[in-house]
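Enquirer: This is the structure, below, for whatever I ask next.
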Amino acid sequence: MLSERPSRPTLMNHRHQPFTSFLVCLGALTMAAPLLAQEANRERPPTPLLKKGEKQLFVDSVMIRSKQGVTRVIHPAKKLEKPVLTAEMPWEVKIKDGIIDKRVNIYGTVLRDEKTGSFRMWYADAGSVLYATSADGISWERPMLKVAGENNETNLHLHSPSIIEDKFETDPKKRYKAVGNAGMDRDDAKIQRLKDKFEMVDWYRDKLHRLYYAAYSADGLRWTIDPEPILLGCDTITLSQDPVTGEYLAFHKRQGDPRVVGIRHVFLSVSKDMKHWSEPHPVHVADEIDNKATRKLKGGTYSEYYNLSAFAYAGQWLGFVTHFRRVEPPSALFGNDEVNGQKRSATGIIDVQLVTSRDGRHWDRCSDRSPVIPLGPHAYDAGSIFGLCNAPVFVGDELWMYYTAATTPHGGLAPEKEQSIALAKWRVDGLASMQAKDKPGSIETHDFIPQGTHLSVNADFGKGRLMVEVLDADGKTVPGFEKEASMIENQDAVKLPIRWKNSASLPAGIPIRLRFHLQNGDLFSYRID
């Protein structure tokens, strides 16, 4: 289970050693004091460095020493009036027994070219991985690839296709990597070889014979799928890459693993070569707090987690996890239990929460678990959010995340259910903030030595004020860096420079702390350049 960890100073992976304890009698305390001071100075752990230009977000409390009168607040996404892509091409719209089924989804990927600013999207319909391009990320075109006919289909036939452009890869034929699941013809020998690689395998009794596979490509359009599966399967999976080590992280769903209570939960397996994967372990599992929230719904029973899209950013990891709140019977949500002779199954609603990590392997919840992408207010995503891209894109001063929007809750059936691809937006670093209202609040950081000298903040104090005080390692205000000398009022920007009356630069080469004083506003992040 995940919970927000207590604050701790761990910026640059320095090991913190405990101070030596001395047992002295009360009468000898005065004589021992100088020795104690010398020992404390000698054993004091090294002050971590704060990298020049690296942002410090307020999504967790790792760098917070103390806070008063402030609250961490989740900021819901801004949405467009309509989806950016809907099922409208003949090969995207399915018709069976006279019932029209219009579904496209973005369990896949959107990449943006750093030089041209153009966008590429890998998305899917009911059976194929499709490709689209855009100049602005809003209006999309479907190029006729002629890879799998006169359409925009690639030859990557995997469900939940998650793609990365591998910056570590030296072989141009493997520039792009992908994972996904496939319900291929049952091959007992192949399944057994896969089971022999892992310890926890008895849970796998998938009637559809779904397994997770890896693939590679030179251009992202023509793919080679490794014939040997990489992991025992379910349906959804997302692929990420560690920007420091180059390791691949596969966040995938398991149903029925005995280590967790419930059905759908998110597991992680790591690989250095896309062939050999670590034993999967649970990274996001519903707890009783989740279950209590679900039981507030009419017919609510318990919570599950569908998938996790994780990405490295600002020296840490952020994740979007889909919270599935199960409802029984289906009529509690839909008013009926079947449509056109089809029975509903696994009914419930799904929205998106924010989670955080410092290593990509161990994840914590953020704030009060309120959705960072809630349902509605538009009809196209009023029912559920089924999945997201494996990572966002950054456009100017905004963060964009593409997601699968559904008009009905989970359990909806065609033609009542339509799925499209929609766009969620935030200001950069704007997923969460530390917020103070009418009563002033403060945030004090742990000690650090800045590699840069110029402090700036991402903050919204359009109707409030912010002051920043610089403290030394003993918690005393550094002369000339008093809070009153740095006041910012009625300003809102993603990069506000902080200056003091007689200085625009921070003290150099010494351990310092920052103490932010807030009133009627939000502080999203800070950086020192």
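Each chain in the structure tokens gets a letter, A, B, ..., in the order shown, and its residues are numbered from 1; ligands are numbered from 1 in order too.
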Neighbours of Gly341 of chain A within 12 Å (only C-alpha atoms; same-chain residues fewer than 6 positions away dropped), as a list in words?

Expert: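 Neighbouring residues, sequence-local ones excluded: Asp97, Ile99, Leu413 and Ala414 of chain A.
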
Enquirer: Once you have the residues from the selection above, write them out as a PDB file, in the first residue's frame, restricted to N, CA, C and O atoms.

Expert:
```pdb
ATOM      1  N   ASP A  97     -23.705  -7.115 -36.139  1.00  0.00           N
ATOM      2  CA  ASP A  97     -25.140  -7.351 -35.909  1.00  0.00           C
ATOM      3  C   ASP A  97     -25.922  -6.035 -35.906  1.00  0.00           C
ATOM      4  O   ASP A  97     -26.869  -5.845 -35.133  1.00  0.00           O
ATOM      5  N   ILE A  99     -24.957  -3.199 -34.828  1.00  0.00           N
ATOM      6  CA  ILE A  99     -24.586  -2.308 -33.721  1.00  0.00           C
ATOM      7  C   ILE A  99     -23.280  -1.598 -34.064  1.00  0.00           C
ATOM      8  O   ILE A  99     -22.278  -2.240 -34.384  1.00  0.00           O
ATOM      9  N   LEU A 413     -21.636  -0.660 -22.913  1.00  0.00           N
ATOM     10  CA  LEU A 413     -21.599  -1.452 -24.140  1.00  0.00           C
ATOM     11  C   LEU A 413     -22.034  -0.595 -25.324  1.00  0.00           C
ATOM     12  O   LEU A 413     -22.799   0.352 -25.179  1.00  0.00           O
ATOM     13  N   ALA A 414     -21.528  -0.957 -26.490  1.00  0.00           N
ATOM     14  CA  ALA A 414     -21.960  -0.268 -27.709  1.00  0.00           C
ATOM     15  C   ALA A 414     -23.449  -0.545 -27.928  1.00  0.00           C
ATOM     16  O   ALA A 414     -23.940  -1.619 -27.601  1.00  0.00           O
TER      17      ALA A 414
END
```

Enquirer: Kindly give the distance, in Å, that separates atom CA of Thr477 of chain A and atom CA of Arg72 of chain A, rounded to a single decimal.

Expert: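 Going from atom CA of Thr477 of chain A over to atom CA of Arg72 of chain A, I get 25.6 Å.
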
Enquirer: Pull the strand (DSSP E or B) assignments for segment 392-493 of chain A out of DSSP run on the backbone, and list those residues as number ranges by chain.

Expert: A: 393-395, 398-406, 410, 419-427, 432-436, 441-445, 448-450, 455-472, 477, 488-493

Enquirer: Residues at most 10 Å from Ile289 of chain A, counting only C-alpha atoms, excluding those fewer than 6 positions away in the same chain, as a PDB file with N, CA, C and O atoms, in the first residue's frame?

Expert:
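Contents of the output file result11.pdb:
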```
ATOM      1  N   TYR A 302     -15.649  -2.033  -3.732  1.00  0.00           N
ATOM      2  CA  TYR A 302     -14.226  -1.942  -3.409  1.00  0.00           C
ATOM      3  C   TYR A 302     -13.483  -1.287  -4.576  1.00  0.00           C
ATOM      4  O   TYR A 302     -14.048  -1.084  -5.652  1.00  0.00           O
ATOM      5  N   SER A 303     -12.210  -0.970  -4.338  1.00  0.00           N
ATOM      6  CA  SER A 303     -11.388  -0.278  -5.334  1.00  0.00           C
ATOM      7  C   SER A 303     -10.371  -1.216  -5.981  1.00  0.00           C
ATOM      8  O   SER A 303      -9.915  -2.189  -5.372  1.00  0.00           O
ATOM      9  N   ARG A 369      -5.679  12.324  -2.442  1.00  0.00           N
ATOM     10  CA  ARG A 369      -6.168  11.345  -3.417  1.00  0.00           C
ATOM     11  C   ARG A 369      -7.285  11.889  -4.293  1.00  0.00           C
ATOM     12  O   ARG A 369      -7.992  11.126  -4.958  1.00  0.00           O
TER      13      ARG A 369
END
```

Enquirer: For the contact check between segment 399-421 of chain A and segment 121-138 of chain A, emit one row per residue of segment 399-421 of chain A within 12 Å, containing the shortest atom pair and the distance in Å rounded to one decimal, counting only C-alpha atoms, chain then rising number order, as JSON lines.

Expert:
```
{"residue": "A:Leu399", "atom": "CA", "partner": "A:Gly137", "partner_atom": "CA", "distance": 11.9}
{"residue": "A:Trp400", "atom": "CA", "partner": "A:Gly137", "partner_atom": "CA", "distance": 9.1}
{"residue": "A:Met401", "atom": "CA", "partner": "A:Gly137", "partner_atom": "CA", "distance": 10.5}
{"residue": "A:Tyr402", "atom": "CA", "partner": "A:Met121", "partner_atom": "CA", "distance": 9.6}
{"residue": "A:Tyr403", "atom": "CA", "partner": "A:Tyr123", "partner_atom": "CA", "distance": 10.2}
{"residue": "A:Thr404", "atom": "CA", "partner": "A:Tyr123", "partner_atom": "CA", "distance": 9.7}
{"residue": "A:Glu418", "atom": "CA", "partner": "A:Asp125", "partner_atom": "CA", "distance": 11.6}
{"residue": "A:Gln419", "atom": "CA", "partner": "A:Asp125", "partner_atom": "CA", "distance": 9.5}
{"residue": "A:Ser420", "atom": "CA", "partner": "A:Asp125", "partner_atom": "CA", "distance": 9.8}
{"residue": "A:Ile421", "atom": "CA", "partner": "A:Tyr123", "partner_atom": "CA", "distance": 8.7}
```

Enquirer: Considering only C-alpha atoms, can you say which of A:Val266, A:Ala310, A:Ala189, A:Leu211 comes closest to Leu249 of chain A?

Expert: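 Closest to Leu249 of chain A of all the choices is A:Ala310.
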
Enquirer: Applying 9 Å and only C-alpha atoms, which residues near Asp290 of chain A remain after dropping the ones on its own chain fewer than 3 positions away? List them as a PyMOL selection string.

Expert: chain A and resi 286-287+293-295+302-304+323+325+369

Enquirer: Using DSSP assignments from the backbone, pull out every residue in segment 159-261 of chain A that falls under helix (DSSP H, G or I) and give it to me as a list of chain:residue names.

Expert: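 Going through segment 159-261 of chain A, the helix (DSSP H, G or I) residues come out as A:Pro172, A:Lys173, A:Lys174, A:Asp188, A:Ala189, A:Lys190, A:Ile191, A:Gln192, A:Arg193, A:Leu194, A:Lys195.
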
Enquirer: Could you pull the residues within 8 Å of segment 173-186 of chain A, counting only C-alpha atoms, minus those fewer than 6 positions along the same chain, as JSON, numbers by chain?

Expert: {"A": [157, 158, 159, 160, 161, 162, 163, 164, 165, 166, 167, 208, 209, 210, 211, 212, 213, 214, 215, 216, 217, 218, 219, 220, 233, 234, 235, 236, 237, 238, 239]}

Enquirer: Can you spit out the residues from that selection as a tab-separated table (two decimals), in the first residue's frame, using N, CA, C and O atoms?

Expert:
```tsv
chain	number	residue	atom	x	y	z
A	157	HIS	N	0.75	-5.47	-33.85
A	157	HIS	CA	-0.54	-5.99	-33.42
A	157	HIS	C	-0.46	-6.41	-31.95
A	157	HIS	O	-0.37	-7.59	-31.62
A	158	LEU	N	-0.49	-5.41	-31.09
A	158	LEU	CA	-0.48	-5.62	-29.65
A	158	LEU	C	-1.55	-4.74	-29.00
A	158	LEU	O	-1.75	-3.60	-29.42
A	159	HIS	N	-2.21	-5.26	-27.99
A	159	HIS	CA	-3.14	-4.46	-27.21
A	159	HIS	C	-2.35	-3.66	-26.18
A	159	HIS	O	-1.31	-4.09	-25.69
A	160	SER	N	-2.84	-2.45	-25.86
A	160	SER	CA	-2.18	-1.56	-24.90
A	160	SER	C	-0.74	-1.29	-25.32
A	160	SER	O	0.21	-1.46	-24.54
A	161	PRO	N	-0.53	-0.85	-26.56
A	161	PRO	CA	0.84	-0.63	-27.05
A	161	PRO	C	1.49	0.59	-26.40
A	161	PRO	O	0.96	1.70	-26.47
A	162	SER	N	2.61	0.41	-25.76
A	162	SER	CA	3.31	1.50	-25.09
A	162	SER	C	4.70	1.60	-25.67
A	162	SER	O	5.45	0.62	-25.69
A	163	ILE	N	5.05	2.80	-26.16
A	163	ILE	CA	6.24	2.97	-26.99
A	163	ILE	C	7.16	4.03	-26.40
A	163	ILE	O	6.70	5.04	-25.87
A	164	ILE	N	8.47	3.81	-26.50
A	164	ILE	CA	9.46	4.82	-26.15
A	164	ILE	C	10.44	4.98	-27.31
A	164	ILE	O	10.65	4.06	-28.10
A	165	GLU	N	11.03	6.16	-27.39
A	165	GLU	CA	12.17	6.37	-28.27
A	165	GLU	C	13.41	6.25	-27.39
A	165	GLU	O	13.63	7.08	-26.51
A	166	ASP	N	14.18	5.21	-27.61
A	166	ASP	CA	15.28	4.84	-26.72
A	166	ASP	C	16.53	5.66	-27.03
A	166	ASP	O	17.23	5.39	-28.02
A	167	LYS	N	16.84	6.64	-26.18
A	167	LYS	CA	18.01	7.50	-26.41
A	167	LYS	C	19.32	6.79	-26.09
A	167	LYS	O	20.40	7.27	-26.46
A	208	LEU	N	-7.90	-16.21	-21.91
A	208	LEU	CA	-7.62	-15.65	-23.23
A	208	LEU	C	-6.16	-15.86	-23.65
A	208	LEU	O	-5.77	-15.45	-24.74
A	209	HIS	N	-5.39	-16.49	-22.78
A	209	HIS	CA	-3.97	-16.78	-23.05
A	209	HIS	C	-3.18	-15.52	-23.37
A	209	HIS	O	-2.30	-15.51	-24.23
A	210	ARG	N	-3.49	-14.42	-22.66
A	210	ARG	CA	-2.78	-13.17	-22.92
A	210	ARG	C	-1.40	-13.18	-22.26
A	210	ARG	O	-1.24	-13.57	-21.11
A	211	LEU	N	-0.43	-12.75	-23.03
A	211	LEU	CA	0.94	-12.62	-22.54
A	211	LEU	C	1.48	-11.27	-22.99
A	211	LEU	O	1.05	-10.71	-24.00
A	212	TYR	N	2.44	-10.72	-22.24
A	212	TYR	CA	3.07	-9.46	-22.63
A	212	TYR	C	4.29	-9.74	-23.51
A	212	TYR	O	5.11	-10.61	-23.20
A	213	TYR	N	4.39	-8.96	-24.58
A	213	TYR	CA	5.48	-9.11	-25.54
A	213	TYR	C	6.23	-7.79	-25.70
A	213	TYR	O	5.68	-6.72	-25.43
A	214	ALA	N	7.47	-7.88	-26.17
A	214	ALA	CA	8.29	-6.70	-26.50
A	214	ALA	C	8.52	-6.65	-28.00
A	214	ALA	O	8.50	-7.68	-28.69
A	215	ALA	N	8.73	-5.43	-28.51
A	215	ALA	CA	8.96	-5.25	-29.94
A	215	ALA	C	9.93	-4.09	-30.14
A	215	ALA	O	10.14	-3.27	-29.25
A	216	TYR	N	10.53	-4.03	-31.35
A	216	TYR	CA	11.44	-2.93	-31.66
A	216	TYR	C	11.24	-2.51	-33.11
A	216	TYR	O	10.70	-3.25	-33.94
A	217	SER	N	11.69	-1.27	-33.41
A	217	SER	CA	11.47	-0.70	-34.74
A	217	SER	C	12.49	0.39	-35.01
A	217	SER	O	12.97	1.06	-34.09
A	218	ALA	N	12.78	0.60	-36.30
A	218	ALA	CA	13.67	1.69	-36.69
A	218	ALA	C	12.92	3.00	-36.86
A	218	ALA	O	13.47	4.08	-36.60
A	219	ASP	N	11.65	2.92	-37.28
A	219	ASP	CA	10.90	4.13	-37.60
A	219	ASP	C	9.60	4.28	-36.81
A	219	ASP	O	8.89	5.27	-36.95
A	220	GLY	N	9.27	3.30	-35.98
A	220	GLY	CA	8.03	3.35	-35.20
A	220	GLY	C	6.82	2.89	-35.99
A	220	GLY	O	5.71	2.90	-35.45
A	233	GLY	N	0.62	-12.36	-18.70
A	233	GLY	CA	-0.16	-11.22	-19.13
A	233	GLY	C	-1.51	-11.01	-18.50
A	233	GLY	O	-2.06	-11.87	-17.84
A	234	CYS	N	-1.97	-9.83	-18.74
A	234	CYS	CA	-3.34	-9.41	-18.48
A	234	CYS	C	-3.69	-8.54	-19.69
A	234	CYS	O	-3.52	-8.99	-20.81
A	235	ASP	N	-4.10	-7.29	-19.48
A	235	ASP	CA	-4.35	-6.46	-20.66
A	235	ASP	C	-3.47	-5.22	-20.70
A	235	ASP	O	-2.68	-5.05	-21.61
A	236	THR	N	-3.54	-4.33	-19.72
A	236	THR	CA	-2.83	-3.05	-19.86
A	236	THR	C	-1.40	-3.13	-19.34
A	236	THR	O	-1.08	-3.84	-18.39
A	237	ILE	N	-0.53	-2.34	-19.98
A	237	ILE	CA	0.87	-2.26	-19.61
A	237	ILE	C	1.42	-0.94	-20.14
A	237	ILE	O	0.99	-0.46	-21.20
A	238	THR	N	2.31	-0.29	-19.40
A	238	THR	CA	2.98	0.93	-19.89
A	238	THR	C	4.48	0.77	-19.71
A	238	THR	O	4.96	0.17	-18.76
A	239	LEU	N	5.22	1.34	-20.65
A	239	LEU	CA	6.67	1.23	-20.68
A	239	LEU	C	7.30	2.58	-20.39
A	239	LEU	O	6.92	3.60	-20.97
```

Enquirer: Measuring between only C-alpha atoms, which one of A:Leu354, A:Gly412, A:His284, A:Ala379 shows the shortest distance to Pro330 of chain A?

Expert: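 Of A:Leu354, A:Gly412, A:His284, A:Ala379, the one nearest Pro330 of chain A is A:Gly412, counting only C-alpha atoms.
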
Enquirer: I'd like to know which of A:Ala87, A:Val270, A:Leu231, A:Val352 is closest to Leu431 of chain A, using only C-alpha atoms.

Expert: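 Using only C-alpha atoms, the shortest distance to Leu431 of chain A belongs to A:Val352.
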
Enquirer: Return the single residue from A:Pro258, A:Ala405, A:Gly299, A:Phe58 that is closest to Ala459 of chain A, with distances computed using only C-alpha atoms.

Expert: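 Result for the nearest residue to Ala459 of chain A: A:Phe58.
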
Enquirer: Give the answer as one residue: which of A:Val355, A:Ala473, A:Leu423, A:Ile443 has the shortest atom-to-atom distance to Met63 of chain A, using only C-alpha atoms?

Expert: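 Using only C-alpha atoms, the shortest distance to Met63 of chain A belongs to A:Ile443.
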
Enquirer: Env of Gln491 of chain A: 7 Å cut, atoms = only C-alpha atoms, seq-sep filter 6 positions within chain, self excluded. Answer as a PDB file with C-alpha atoms, in the first residue's frame.

Expert:
```
ATOM      1  CA  ASP A 460       0.412  31.998  -8.455  1.00  0.00           C
ATOM      2  CA  PHE A 461       0.055  34.917  -6.064  1.00  0.00           C
ATOM      3  CA  GLY A 462      -2.182  36.981  -8.313  1.00  0.00           C
TER       4      GLY A 462
END
```

Enquirer: For atom CA of Lys51 of chain A and atom CA of Arg465 of chain A, determine how far apart the two atoms are, in Å to one decimal place.

Expert: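 It comes out at 27.0 Å.
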
Enquirer: Residues within 12 Å of Glu199 of chain A, please, as number ranges by chain. Count only C-alpha atoms; anything in the same chain fewer than 3 positions from it doesn't count.

Expert: A: 194-196, 202-204, 231-232, 257, 278-281

Enquirer: The selected residues should be written to file as a PDB file, in the first residue's frame (atoms: C-alpha atoms).

Expert:
```
ATOM      1  CA  LEU A 194       7.964 -18.056 -19.095  1.00  0.00           C
ATOM      2  CA  LYS A 195       6.690 -19.503 -15.813  1.00  0.00           C
ATOM      3  CA  ASP A 196      10.085 -21.099 -15.173  1.00  0.00           C
ATOM      4  CA  ASP A 202       0.307 -19.843  -9.883  1.00  0.00           C
ATOM      5  CA  TRP A 203      -2.072 -16.890 -10.198  1.00  0.00           C
ATOM      6  CA  TYR A 204      -1.905 -17.048 -14.023  1.00  0.00           C
ATOM      7  CA  LEU A 231       5.802 -11.416 -18.752  1.00  0.00           C
ATOM      8  CA  LEU A 232       2.668 -13.330 -17.848  1.00  0.00           C
ATOM      9  CA  ASP A 257      -1.894 -12.304  -7.596  1.00  0.00           C
ATOM     10  CA  SER A 278      12.885  -8.847 -12.737  1.00  0.00           C
ATOM     11  CA  GLU A 279      10.314 -10.598 -10.563  1.00  0.00           C
ATOM     12  CA  PRO A 280       7.210  -8.370 -10.698  1.00  0.00           C
ATOM     13  CA  HIS A 281       6.234  -6.718  -7.427  1.00  0.00           C
TER      14      HIS A 281
END
```

Enquirer: Pick the closest to Val393 of chain A from A:Phe334, A:Phe198, A:Trp426, A:Tyr305: which is it, counting only C-alpha atoms?

Expert: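 Checking each of A:Phe334, A:Phe198, A:Trp426, A:Tyr305 against Val393 of chain A, counting only C-alpha atoms, the winner is A:Trp426.
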